[in-house]
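Have a look at the structure below, then the notes.
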There are 2 protein chains.
Amino acid sequence: MQEESPIESAPPRTVGVALVGCGIVGSGVLKVLADQGRLITRRTGVELVVRHVIVRDPHRAHPPRDLPPGTPAPSADFTPVLADRNVQIVVELVGGTTRAYEVVAASLRAGRSVVTANKALLAARGPELFALARDHHAGIGFEASSAGGIPVVQALMHGLVGNRIDALVGIVNGTCNFILTQMTRAGKTYAEALAEAQRLGFAEADPAMDVKGRDAAQKLALLASLAFDTRVSEEHVLVEGIDTLDAADIRYAGELGYVIKLLAVGERSQESLSLRVAPTLVSREDVLADVSGSFNAVSVYGSAVGHALFYGRGAGSLPTASAVVSDIVQCALGLPQLALRSMPVLSSPPSTPLLPTDRILARHYLRLTARDEPGVLAGVTRCLGDERISIASFLQHEPATGTTGVPLVITTHHAREGAVRRAIQRIDALPTILAPTVCLRVLDVPKEFAA
Amino acid sequence: MQEESPIESAPPRTVGVALVGCGIVGSGVLKVLADQGRLITRRTGVELVVRHVIVRDPHRAHPPRDLPPGTPAPSADFTPVLADRNVQIVVELVGGTTRAYEVVAASLRAGRSVVTANKALLAARGPELFALARDHHAGIGFEASSAGGIPVVQALMHGLVGNRIDALVGIVNGTCNFILTQMTRAGKTYAEALAEAQRLGFAEADPAMDVKGRDAAQKLALLASLAFDTRVSEEHVLVEGIDTLDAADIRYAGELGYVIKLLAVGERSQESLSLRVAPTLVSREDVLADVSGSFNAVSVYGSAVGHALFYGRGAGSLPTASAVVSDIVQCALGLPQLALRSMPVLSSPPSTPLLPTDRILARHYLRLTARDEPGVLAGVTRCLGDERISIASFLQHEPATGTTGVPLVITTHHAREGAVRRAIQRIDALPTILAPTVCLRVLDVPKEFAA
């Protein structure tokens with residue numbers, strides 16, 4: 001082992017930070033800086049000093065007990081932040097797209113780099129803000145905006161930059177994954193599992209954004225824009241939530257060797273892109289099947305790397321703060337500023353046309369509710385056969401006492417969404433079918449990379 | 001969607017690259033640049049041009065069919081490389097520490113940035129080379145040196161920079177993981193699984209570096225130096241290979257809910273660091289248990305992020321090339337050069353003392369071979385109890401016909417390595433014990449982060 005290298009003894013460079021918004025994530029950022037500030041300095045030669053904490057109502061602010069030494073009291077006035085020449089980095093954690101936009105745009109115009117966890121803002125004004133940053137030699141860090149503490153933005157922008165990405169498959173909503181894990185492992189209904197998630201703080205009182213899949217769709221839009229070098233937003237994503245999912249389908253999927261996950265899938269096929277968020281059957285052999293509880297993961301299929309997966313906590317105070325602090329450090333080192341000079345981050349023009357929904361090719365899971373009488377199957381297979389949909393597996397149990405109808409569970413080989421929808425319409429019109437057919441997708445990963 | 005942003009129409013900046021060494025990884029790099037060169041330019045504004053391909057014997061070189069346009073014929077002479085002012089980046093893929101050192105040191109002295117996959121070189125001369133790079137405003141990229149295509153070096157250096165790392169647990173040798181997966185899933189013996197791995201190209205004719213754990217130990221040393229801000233090398237790692245592993249232990253571990261993986265573990269406890277590579281029991285609930293075949297993964301437990309995991313292919317031509325090309329792009333953008341100005345990469349002085357081996361605290365799996373007679377267990381439990389080792393589970397089957405002795409399988413609660421070794425010594429001296437006791441570790445992850 002060698003003696004201390006000269007760089008170790010150089011005095012650290014001080015970089016001033018302003019925190020705008022100090023809720024759950026902001027408090028986490030202050031805690032990480034208080035606890036690991038010295039370690040960060042040792043690792044990077046940079047000493048981060050929080051010079052301003054801006055909140056809406058300073059009287060109602062609850063900053064954490066362990067503040068980094070010298071942190072000023074919270075204030076409501078943003079004006080002094082940009083007047084302070086010792087502030088190099090502004091961390092925007094207010095959310096929304098109005099005040100957040102003002103804070104970010106003003107900071108960039110003043111040559112300050114910005115760190116943000118605000119995926120809505122990036123979706124609404126991304127290209128404009130990155131152009132502004134470029135014009136003013138500033139950087140933008142947004143690692144926390146799509147998968148909490150998992151450094152997947154960095155991986156897509158830098159670590160996998162030499163790969164054409166063929167597919168991106170993510171579990172990107174911890175609330176839904178917690179609920180589905182409870183339904184799968186403890187056999188709970190959706191309502192029971194949601195109540196449990198709310199009790200433990202994994203779901204909000206109004207869980208709609210999460211359970212209806214909108215949060216996942218926004219995250220997918222951001223990740224897909226990076227992965228596929230295009231510009232897509234929430235409205236390009238076909239979205240189904242987990243709020244109508246029946247516990248029975250989780251059970252039947254289990255019997256067939258699958259677990260059900262809310263997947264965000266971006267896939268390139270025939271030079272088109274398809275984007276969808278939906279409860280999907282994942283083979284138990286797939287690493288994604290083991291992503292449980294509030295954990296998130298993103299699988300990426302690249303032309304050179306093959307299958308890569310990034311796993312961790314996608315939300316929460318400290319995990320999200322981990323990503324925000326990483327971005328603060330990168331900006332303090334000047335890295336995003338330099339990268340932005342030549343990288344068109346989130347500003348690529350749309351490069352790949354979107355595949356019309358009815359042409360998306362996938363395997364499907366169908367659960368029919370049929371009368372317990374002969375000839376049912378013949379009618380059903382005719383509806384499928386007429387649309388050239390072939391059956392991969394078939395499951396029928398004896399009818400449970402006290403229930404109406406017999407569940408018939410079918411998985412199909414690859415078929416187009418449009419054909420499947422038409423077949424279901426005809427199936428549900430058969431006199432032997434007693435309830436609307438449930439249709440879920442089955443995850444299918446690029447063949448050459450199947451482990 | 002908006003119109004094309006100005007940066008899209010700016011002409012790309014051309015960056016010259018020299019490839020020194022063109023074997024499996026080098027050919028992969030040429031293929032990635034040929035296939036994805038335009039995409040890389042679109043993403044980064046940089047056009048990479050391979051200006052030199054240096055090989056030992058140009059007559060025996062087999063460059064891939066699809067070369068990037070304009071790639072020169074392979075040559076044996078390195079001298080023109082540094083005379084070429086249009087070469088900004090030298091990619092060292094010759095391996096070893098003599099010629100590789102000369103190439104890297106000369107390139108850095110000439111102000112060229114270096115990309116290398118050479119963990120042996122970094123272990124032997126890391127601090128010296130990083131100081132050289134710093135002095136000459138050059139960068140060093142080494143993502144490919146420890147986990148192939150998985151961007152974990154970047155994650156440790158940047159994405160998780162705000163985290164004190166408490167533990168790092170990796171499956172970092174694809175050969176061993178392929179063999180263990182074959183033994184687990186197909187019930188093969190070690191010899192059968194090794195032969196299969198050799199037949200499929202997953203193991204070399206002389207597999208010692210892999211199966212004896214040395215390759216994993218070298219990778220662990222590099223990853224641990226980054227994660228724990230210290231400077232450790234292979235000799236600091238306690239190493240056991242998989243070449244003496246008995247298929248019986250894989251079976252018994254399975255009955256207890258575990259799979260056996262060759263784990264590389266770095267762990268911080270009581271302000272000391274322990275480093276070990278050994279076949280280890282991993283709970284089937286752990287995501288690492290599902291890392292199969294030649295895939296690798298690295299679990300990281302950070303103070304803010306909690307549990308994060310990075311999964312992908314740790315070896316092979318294209319996956320390794322994915323990491324090399326990423327480093328080339330980073331150097332072309334100037335990012336490692338800038339980071340190195342203030343980050344003491346792989347040059348931190350040793351910061352954390354190493355825990356003496358006999359004080360490492362772990363759970364253990366013991367398989368005893370005992371005479372089928374009364375009183376055996378009393379003697380064994382006395383040996384364990386005297387060392388204050390308590391039993392967590394116990395498994396005994398009826399003796400198989402034709403075998404000598406009965407296998408007794410015990411898992412322990414936490415115990416120090418030294419105490420376990422002493423207990424085994426006494427157990428093996430008991431007249432009722434017929435063969436040396438097999439002792440394996442059981443993976444234990446930081447409690448607060450158990451999912």
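Starting from 1 in every chain, residues are counted up; chains themselves are A, B, ... following the order of the structure tokens, and ligands are numbered from 1 as listed.
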Legend entry - Test item: residues at most 10 Å from Arg276 in chain B, only C-alpha atoms, excluding those fewer than 4 positions along its chain, as number ranges by chain: B: 169, 213, 216-217, 220-221, 234, 236-240, 263-267, 357, 360
May I have the residues from that selection written out with all heavy atoms, as a CSV table (one decimal), in the first residue's frame?
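Output (out.csv):
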chain,number,residue,atom,x,y,z
B,169,VAL,N,-22.4,-7.5,-2.1
B,169,VAL,CA,-22.5,-8.9,-2.3
B,169,VAL,C,-22.6,-9.2,-3.7
B,169,VAL,O,-23.6,-8.8,-4.4
B,169,VAL,CB,-23.7,-9.5,-1.5
B,169,VAL,CG1,-23.7,-11.1,-1.6
B,169,VAL,CG2,-23.7,-9.1,0.0
B,213,GLY,N,-11.8,-19.3,-7.4
B,213,GLY,CA,-12.3,-18.1,-6.8
B,213,GLY,C,-11.3,-16.9,-6.9
B,213,GLY,O,-11.6,-15.8,-6.5
B,216,ALA,N,-12.8,-14.0,-9.0
B,216,ALA,CA,-13.9,-13.3,-8.2
B,216,ALA,C,-13.2,-12.4,-7.1
B,216,ALA,O,-13.6,-11.3,-6.8
B,216,ALA,CB,-14.8,-14.3,-7.5
B,217,ALA,N,-12.1,-12.9,-6.5
B,217,ALA,CA,-11.4,-12.1,-5.5
B,217,ALA,C,-10.8,-10.9,-6.0
B,217,ALA,O,-10.8,-9.8,-5.4
B,217,ALA,CB,-10.3,-13.0,-4.8
B,220,LEU,N,-13.7,-8.5,-6.6
B,220,LEU,CA,-14.1,-8.0,-5.3
B,220,LEU,C,-13.2,-6.9,-4.8
B,220,LEU,O,-13.6,-5.9,-4.2
B,220,LEU,CB,-14.2,-9.1,-4.2
B,220,LEU,CG,-14.6,-8.7,-2.8
B,220,LEU,CD1,-16.0,-8.0,-2.8
B,220,LEU,CD2,-14.6,-9.9,-1.8
B,221,ALA,N,-11.9,-7.2,-4.9
B,221,ALA,CA,-10.9,-6.2,-4.4
B,221,ALA,C,-11.2,-4.8,-5.1
B,221,ALA,O,-11.2,-3.8,-4.4
B,221,ALA,CB,-9.5,-6.7,-4.7
B,234,GLU,N,-6.2,-8.5,-4.0
B,234,GLU,CA,-6.6,-9.9,-3.9
B,234,GLU,C,-6.1,-10.6,-2.6
B,234,GLU,O,-6.9,-11.4,-2.0
B,234,GLU,CB,-6.0,-10.7,-5.1
B,234,GLU,CG,-6.5,-12.1,-5.3
B,234,GLU,CD,-5.7,-12.8,-6.4
B,234,GLU,OE1,-5.0,-12.1,-7.1
B,234,GLU,OE2,-5.9,-14.0,-6.5
B,236,HIS,N,-6.0,-9.5,0.3
B,236,HIS,CA,-6.8,-9.2,1.5
B,236,HIS,C,-8.1,-10.0,1.6
B,236,HIS,O,-8.9,-9.9,2.5
B,236,HIS,CB,-7.1,-7.7,1.5
B,236,HIS,CG,-5.9,-6.8,1.5
B,236,HIS,ND1,-5.6,-6.1,0.5
B,236,HIS,CD2,-5.0,-6.6,2.5
B,236,HIS,CE1,-4.5,-5.4,0.7
B,236,HIS,NE2,-4.1,-5.7,2.0
B,237,VAL,N,-8.3,-10.8,0.5
B,237,VAL,CA,-9.6,-11.5,0.4
B,237,VAL,C,-9.4,-13.0,0.8
B,237,VAL,O,-8.5,-13.6,0.3
B,237,VAL,CB,-10.2,-11.5,-1.0
B,237,VAL,CG1,-11.5,-12.1,-1.1
B,237,VAL,CG2,-10.3,-10.0,-1.5
B,238,LEU,N,-10.2,-13.4,1.7
B,238,LEU,CA,-10.3,-14.9,2.1
B,238,LEU,C,-11.0,-15.6,1.0
B,238,LEU,O,-12.1,-15.3,0.6
B,238,LEU,CB,-11.1,-15.0,3.4
B,238,LEU,CG,-11.1,-16.2,4.2
B,238,LEU,CD1,-9.8,-16.5,4.8
B,238,LEU,CD2,-12.2,-16.2,5.2
B,239,VAL,N,-10.3,-16.6,0.4
B,239,VAL,CA,-10.9,-17.2,-0.9
B,239,VAL,C,-11.1,-18.7,-0.7
B,239,VAL,O,-10.2,-19.5,-0.3
B,239,VAL,CB,-9.9,-16.9,-2.1
B,239,VAL,CG1,-10.6,-17.5,-3.3
B,239,VAL,CG2,-9.6,-15.5,-2.2
B,240,GLU,N,-12.3,-19.2,-1.0
B,240,GLU,CA,-12.5,-20.6,-1.2
B,240,GLU,C,-13.2,-20.8,-2.6
B,240,GLU,O,-14.1,-20.0,-2.9
B,240,GLU,CB,-13.5,-21.1,-0.1
B,240,GLU,CG,-12.8,-21.2,1.2
B,240,GLU,CD,-13.9,-21.4,2.3
B,240,GLU,OE1,-14.9,-22.1,2.1
B,240,GLU,OE2,-13.7,-20.9,3.4
B,263,LEU,N,-20.2,-16.4,-3.7
B,263,LEU,CA,-20.4,-15.0,-3.5
B,263,LEU,C,-19.1,-14.3,-3.1
B,263,LEU,O,-18.2,-14.9,-2.5
B,263,LEU,CB,-21.3,-14.9,-2.2
B,263,LEU,CG,-22.8,-15.3,-2.4
B,263,LEU,CD1,-23.6,-14.8,-1.2
B,263,LEU,CD2,-23.4,-14.7,-3.7
B,264,ALA,N,-19.0,-13.1,-3.6
B,264,ALA,CA,-17.9,-12.2,-3.2
B,264,ALA,C,-18.5,-11.2,-2.3
B,264,ALA,O,-19.4,-10.5,-2.7
B,264,ALA,CB,-17.4,-11.5,-4.5
B,265,VAL,N,-18.1,-11.2,-1.0
B,265,VAL,CA,-18.8,-10.4,0.0
B,265,VAL,C,-17.8,-9.4,0.6
B,265,VAL,O,-16.7,-9.8,1.1
B,265,VAL,CB,-19.4,-11.3,1.1
B,265,VAL,CG1,-20.0,-10.4,2.2
B,265,VAL,CG2,-20.4,-12.3,0.5
B,266,GLY,N,-18.1,-8.2,0.6
B,266,GLY,CA,-17.4,-7.2,1.3
B,266,GLY,C,-18.4,-6.6,2.3
B,266,GLY,O,-19.5,-6.2,2.0
B,267,GLU,N,-18.0,-6.5,3.6
B,267,GLU,CA,-18.9,-6.1,4.6
B,267,GLU,C,-18.2,-5.2,5.6
B,267,GLU,O,-17.1,-5.5,6.1
B,267,GLU,CB,-19.4,-7.4,5.3
B,267,GLU,CG,-20.8,-7.3,5.9
B,267,GLU,CD,-21.3,-8.7,6.3
B,267,GLU,OE1,-20.5,-9.7,6.2
B,267,GLU,OE2,-22.4,-8.7,6.9
B,357,THR,N,-9.7,-12.6,10.2
B,357,THR,CA,-10.5,-13.7,9.7
B,357,THR,C,-11.3,-14.4,10.8
B,357,THR,O,-12.5,-14.6,10.7
B,357,THR,CB,-9.7,-14.7,9.0
B,357,THR,OG1,-8.9,-14.0,8.0
B,357,THR,CG2,-10.5,-15.8,8.3
B,360,ILE,N,-14.7,-12.8,11.9
B,360,ILE,CA,-15.8,-12.6,11.0
B,360,ILE,C,-17.0,-13.3,11.6
B,360,ILE,O,-17.0,-14.5,11.9
B,360,ILE,CB,-15.5,-13.1,9.6
B,360,ILE,CG1,-14.4,-12.3,9.0
B,360,ILE,CG2,-16.7,-13.1,8.7
B,360,ILE,CD1,-14.0,-12.7,7.5
Using only C-alpha atoms, find each residue in chain B having at least one atom no more than 7 Å away from chain A; report its shortest atom-to-atom pair and that distance in Å (one decimal), rows by chain then rising number, as a tab-separated table.
residue	atom	partner	partner_atom	distance
B:Glu3	CA	A:Pro349	CA	6.9
B:Glu4	CA	A:Pro349	CA	5.6
B:Ser5	CA	A:Ser347	CA	6.8
B:Ile7	CA	A:Pro344	CA	6.4
B:Glu8	CA	A:Pro344	CA	6.8
B:Val32	CA	A:Gly162	CA	6.8
B:Gln36	CA	A:Gly162	CA	6.4
B:Ile40	CA	A:Gly162	CA	6.2
B:Arg43	CA	A:Met343	CA	6.0
B:Thr44	CA	A:Met343	CA	4.4
B:Gly45	CA	A:Ser342	CA	5.1
B:Gly149	CA	A:Val305	CA	5.5
B:Ile150	CA	A:Ala308	CA	6.9
B:Pro151	CA	A:Gly159	CA	5.3
B:Ala155	CA	A:Pro151	CA	6.6
B:His158	CA	A:Ser326	CA	6.2
B:Gly159	CA	A:Pro151	CA	5.3
B:Leu160	CA	A:Ser326	CA	6.3
B:Val161	CA	A:Ser326	CA	5.7
B:Gly162	CA	A:Ser322	CA	5.9
B:Asn163	CA	A:Ser322	CA	6.8
B:Arg164	CA	A:Gln36	CA	6.9
B:Val287	CA	A:Asp290	CA	6.1
B:Asp290	CA	A:Val287	CA	6.1
B:Ala304	CA	A:Leu318	CA	4.8
B:Val305	CA	A:Pro319	CA	4.0
B:Gly306	CA	A:Pro319	CA	6.8
B:His307	CA	A:Gly312	CA	5.8
B:Ala308	CA	A:Gly312	CA	4.2
B:Leu309	CA	A:Tyr311	CA	4.8
B:Phe310	CA	A:Phe310	CA	4.9
B:Tyr311	CA	A:Leu309	CA	4.8
B:Gly312	CA	A:Ala308	CA	4.2
B:Arg313	CA	A:Val305	CA	6.8
B:Leu318	CA	A:Ala304	CA	4.8
B:Pro319	CA	A:Val305	CA	4.0
B:Ser322	CA	A:Ala304	CA	5.6
B:Ala323	CA	A:Gly159	CA	6.6
B:Val325	CA	A:Gly162	CA	5.9
B:Ser326	CA	A:Gly159	CA	5.5
B:Leu333	CA	A:Ala339	CA	6.3
B:Leu335	CA	A:Leu335	CA	6.0
B:Ala339	CA	A:Leu333	CA	6.3
B:Ser342	CA	A:Gly45	CA	5.1
B:Met343	CA	A:Thr44	CA	4.4
B:Pro344	CA	A:Ile7	CA	6.4
B:Ser347	CA	A:Ser5	CA	6.9
B:Pro349	CA	A:Glu4	CA	5.7
Serialized selection, N, CA and C atoms, as a tab-separated table (two decimals), in the first residue's frame:
chain	number	residue	atom	x	y	z
B	3	GLU	N	-40.21	21.01	-32.60
B	3	GLU	CA	-39.32	20.86	-33.75
B	3	GLU	C	-37.91	20.48	-33.28
B	4	GLU	N	-37.10	20.10	-34.24
B	4	GLU	CA	-35.74	19.67	-33.96
B	4	GLU	C	-34.98	20.77	-33.22
B	5	SER	N	-34.30	20.40	-32.11
B	5	SER	CA	-33.58	21.43	-31.36
B	5	SER	C	-32.24	21.69	-32.03
B	7	ILE	N	-29.18	21.68	-31.23
B	7	ILE	CA	-28.04	20.80	-30.99
B	7	ILE	C	-28.05	19.62	-31.95
B	8	GLU	N	-29.27	19.25	-32.41
B	8	GLU	CA	-29.38	18.10	-33.32
B	8	GLU	C	-28.68	18.37	-34.64
B	32	VAL	N	-19.49	-3.24	-32.07
B	32	VAL	CA	-20.43	-2.26	-31.50
B	32	VAL	C	-20.28	-0.92	-32.21
B	36	GLN	N	-23.40	0.48	-34.07
B	36	GLN	CA	-24.11	1.54	-33.35
B	36	GLN	C	-23.42	2.89	-33.45
B	40	ILE	N	-24.65	6.28	-31.60
B	40	ILE	CA	-23.82	6.94	-30.58
B	40	ILE	C	-23.64	8.42	-30.93
B	43	ARG	N	-26.74	10.24	-30.14
B	43	ARG	CA	-26.97	10.42	-28.70
B	43	ARG	C	-26.02	11.41	-28.06
B	44	THR	N	-24.81	11.51	-28.61
B	44	THR	CA	-23.77	12.23	-27.86
B	44	THR	C	-23.12	13.36	-28.64
B	45	GLY	N	-23.41	13.48	-29.93
B	45	GLY	CA	-22.75	14.51	-30.73
B	45	GLY	C	-21.30	14.19	-31.02
B	149	GLY	N	-20.54	-6.16	-18.65
B	149	GLY	CA	-21.42	-5.13	-19.17
B	149	GLY	C	-22.24	-4.39	-18.12
B	150	ILE	N	-22.19	-4.83	-16.86
B	150	ILE	CA	-23.02	-4.20	-15.83
B	150	ILE	C	-22.36	-2.89	-15.38
B	151	PRO	N	-23.07	-1.76	-15.53
B	151	PRO	CA	-22.43	-0.48	-15.17
B	151	PRO	C	-22.38	-0.22	-13.67
B	155	ALA	N	-22.05	3.17	-11.05
B	155	ALA	CA	-23.03	3.29	-9.96
B	155	ALA	C	-22.32	3.57	-8.64
B	158	HIS	N	-20.58	7.18	-8.90
B	158	HIS	CA	-21.43	8.35	-9.10
B	158	HIS	C	-22.85	8.17	-8.55
B	159	GLY	N	-23.55	7.13	-9.00
B	159	GLY	CA	-24.97	6.99	-8.67
B	159	GLY	C	-25.25	6.83	-7.19
B	160	LEU	N	-24.31	6.21	-6.46
B	160	LEU	CA	-24.52	5.97	-5.03
B	160	LEU	C	-23.53	6.76	-4.18
B	161	VAL	N	-22.99	7.84	-4.75
B	161	VAL	CA	-21.89	8.56	-4.08
B	161	VAL	C	-22.30	9.14	-2.72
B	162	GLY	N	-23.60	9.34	-2.48
B	162	GLY	CA	-24.05	9.87	-1.20
B	162	GLY	C	-24.28	8.80	-0.14
B	163	ASN	N	-23.95	7.57	-0.45
B	163	ASN	CA	-24.22	6.47	0.48
B	163	ASN	C	-22.96	5.95	1.15
B	164	ARG	N	-22.99	5.77	2.49
B	164	ARG	CA	-22.00	4.91	3.12
B	164	ARG	C	-22.42	3.49	2.74
B	287	VAL	N	-33.03	-11.89	-4.10
B	287	VAL	CA	-32.97	-11.73	-5.56
B	287	VAL	C	-31.73	-12.42	-6.13
B	290	ASP	N	-31.84	-15.89	-7.74
B	290	ASP	CA	-32.39	-16.08	-9.09
B	290	ASP	C	-31.43	-15.65	-10.19
B	304	ALA	N	-28.39	5.30	2.43
B	304	ALA	CA	-29.59	6.03	2.01
B	304	ALA	C	-30.44	5.18	1.07
B	305	VAL	N	-29.83	4.55	0.08
B	305	VAL	CA	-30.59	3.85	-0.94
B	305	VAL	C	-31.16	2.53	-0.43
B	306	GLY	N	-30.57	1.98	0.64
B	306	GLY	CA	-30.97	0.65	1.08
B	306	GLY	C	-30.37	-0.38	0.15
B	307	HIS	N	-31.17	-1.39	-0.21
B	307	HIS	CA	-30.68	-2.46	-1.08
B	307	HIS	C	-30.85	-2.07	-2.54
B	308	ALA	N	-29.76	-2.09	-3.27
B	308	ALA	CA	-29.82	-1.90	-4.72
B	308	ALA	C	-29.08	-3.06	-5.36
B	309	LEU	N	-29.49	-3.47	-6.54
B	309	LEU	CA	-28.85	-4.60	-7.21
B	309	LEU	C	-28.69	-4.30	-8.69
B	310	PHE	N	-27.56	-4.73	-9.24
B	310	PHE	CA	-27.22	-4.50	-10.64
B	310	PHE	C	-26.93	-5.86	-11.26
B	311	TYR	N	-27.64	-6.18	-12.33
B	311	TYR	CA	-27.65	-7.52	-12.89
B	311	TYR	C	-27.33	-7.47	-14.38
B	312	GLY	N	-26.60	-8.45	-14.86
B	312	GLY	CA	-26.35	-8.53	-16.29
B	312	GLY	C	-25.25	-9.52	-16.60
B	313	ARG	N	-24.76	-9.46	-17.84
B	313	ARG	CA	-23.72	-10.40	-18.24
B	313	ARG	C	-22.36	-9.84	-17.84
B	318	LEU	N	-19.55	-9.10	-26.55
B	318	LEU	CA	-20.38	-7.91	-26.71
B	318	LEU	C	-20.74	-7.24	-25.38
B	319	PRO	N	-21.10	-8.02	-24.33
B	319	PRO	CA	-21.39	-7.34	-23.06
B	319	PRO	C	-20.19	-6.56	-22.54
B	322	SER	N	-19.78	-3.49	-24.48
B	322	SER	CA	-20.77	-2.48	-24.11
B	322	SER	C	-20.17	-1.52	-23.08
B	323	ALA	N	-19.46	-2.09	-22.08
B	323	ALA	CA	-18.84	-1.26	-21.03
B	323	ALA	C	-17.65	-0.48	-21.60
B	325	VAL	N	-17.17	0.52	-24.71
B	325	VAL	CA	-17.67	1.60	-25.57
B	325	VAL	C	-18.25	2.74	-24.72
B	326	SER	N	-18.94	2.39	-23.64
B	326	SER	CA	-19.45	3.42	-22.74
B	326	SER	C	-18.29	4.28	-22.23
B	333	LEU	N	-16.46	12.62	-24.26
B	333	LEU	CA	-17.19	13.77	-23.74
B	333	LEU	C	-16.35	14.55	-22.73
B	335	LEU	N	-15.71	13.47	-19.59
B	335	LEU	CA	-16.24	13.34	-18.24
B	335	LEU	C	-15.25	12.73	-17.23
B	339	ALA	N	-13.85	14.50	-13.80
B	339	ALA	CA	-14.09	13.89	-12.49
B	339	ALA	C	-12.77	13.64	-11.77
B	342	SER	N	-10.82	16.06	-9.26
B	342	SER	CA	-10.98	16.18	-7.82
B	342	SER	C	-11.32	14.87	-7.10
B	343	MET	N	-11.59	13.80	-7.87
B	343	MET	CA	-11.92	12.52	-7.21
B	343	MET	C	-10.68	11.63	-7.11
B	344	PRO	N	-10.38	11.12	-5.92
B	344	PRO	CA	-9.22	10.24	-5.75
B	344	PRO	C	-9.54	8.81	-6.13
B	347	SER	N	-7.53	5.55	-5.37
B	347	SER	CA	-6.27	5.99	-4.79
B	347	SER	C	-6.43	6.44	-3.35
B	349	PRO	N	-6.24	6.25	0.49
B	349	PRO	CA	-5.43	5.44	1.40
B	349	PRO	C	-6.34	4.45	2.11
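Note on identical chains: chain B superimposed on chain A gives 0.0 Å, C-alpha RMSD over every paired atom.
With CA of Arg214 in chain B on one side and CA of Thr184 in chain B on the other, the separation reads 22.3 Å.
Within range 270-349 of chain B, residues classed as alpha helix (DSSP H) by DSSP on backbone coordinates are Ser317, Leu318, Pro319, Thr320, Ala321, Ser322, Ala323, Val324, Val325, Ser326, Asp327, Ile328, Val329, Gln330, Cys331, Ala332, Leu333, Leu335, Pro336, Gln337, Leu338, Ala339, Leu340, Arg341 and Ser342 of chain B.
Within 8 Å of range 245-251 of chain A, once only C-alpha atoms are used and residues closer than 2 positions along the same chain are dropped, the contacting residues are Met183, Thr184, Gly187, Lys188, Thr189, Tyr190, Ile242, Asp243, Ala253, Gly254, Glu255, Val259, Ile260, Pro279 and Arg367 of chain A.
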Inset, instruction - Once DSSP has gone over the backbone, tell me which residues of range 237-326 of chain A are in strand (DSSP E or B), as a PyMOL selection string. - result: chain A and resi 238-239+258-269+272-283+295-302+306-313
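Atom to atom, CA of Phe394 in chain A and CA of Thr411 in chain A stand 6.5 Å apart.
Interatomic distance, CA of Ala18 in chain A to CA of Ala227 in chain B: 28.0 Å.
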Legend entry - Counting only C-alpha atoms, the option among A:Arg359, A:Arg85, A:His136, A:His414 closest to Arg109 in chain A: A:His136
Legend entry - Top pick for closest residue to Tyr258 in chain B, considering B:His52, B:Arg441, B:Val380, B:Cys22 and counting only C-alpha atoms: B:Arg441
Inset, instruction - Write out as number ranges by chain which residues come within 6 Å of Val406 in chain A when counting only C-alpha atoms, dropping same-chain ones fewer than 6 positions away. - result: A: 369-370, 372, 399
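Residue neighbourhood of Pro69 in chain A, excluding near-sequence residues (fewer than 5 positions): Ala34, Val49 and Val50 of chain A, at 9 Å, using only C-alpha atoms.
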Residue neighbourhood Val104 in chain B, 9 Å, only C-alpha atoms, exclusion window fewer than 6 positions, as a compact mmCIF listing (two decimals) with N, CA and C atoms, in the first residue's frame:
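Written output follows (out-v4.txt):
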# COMPACT_ATOMS: atom_id res chain seq x y z
N VAL B 90 -6.96 5.87 -26.03
CA VAL B 90 -6.31 4.58 -26.25
C VAL B 90 -7.04 3.52 -25.44
N VAL B 91 -7.47 2.45 -26.11
CA VAL B 91 -8.19 1.37 -25.45
C VAL B 91 -7.22 0.20 -25.26
N GLU B 92 -6.89 -0.10 -23.99
CA GLU B 92 -5.91 -1.15 -23.68
C GLU B 92 -6.65 -2.45 -23.42
N SER B 113 -6.48 9.87 -23.07
CA SER B 113 -7.28 9.15 -22.09
C SER B 113 -7.21 7.67 -22.40
N VAL B 114 -7.40 6.86 -21.37
CA VAL B 114 -7.25 5.42 -21.50
C VAL B 114 -8.52 4.71 -21.05
N VAL B 115 -8.92 3.71 -21.82
CA VAL B 115 -10.01 2.83 -21.41
C VAL B 115 -9.41 1.44 -21.27
N THR B 116 -9.68 0.79 -20.14
CA THR B 116 -9.09 -0.52 -19.90
C THR B 116 -10.06 -1.45 -19.20
N LEU B 129 -1.22 5.16 -11.86
CA LEU B 129 -1.80 5.51 -13.16
C LEU B 129 -2.82 6.64 -13.04
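Residue neighbourhood of Arg56 in chain A, excluding near-sequence residues (fewer than 5 positions): Val20, Gly21, Cys22, Ala61, Pro74, Ser75, Ala76, Asp77, Phe78 and Val94 of chain A, at 10 Å, using only C-alpha atoms.
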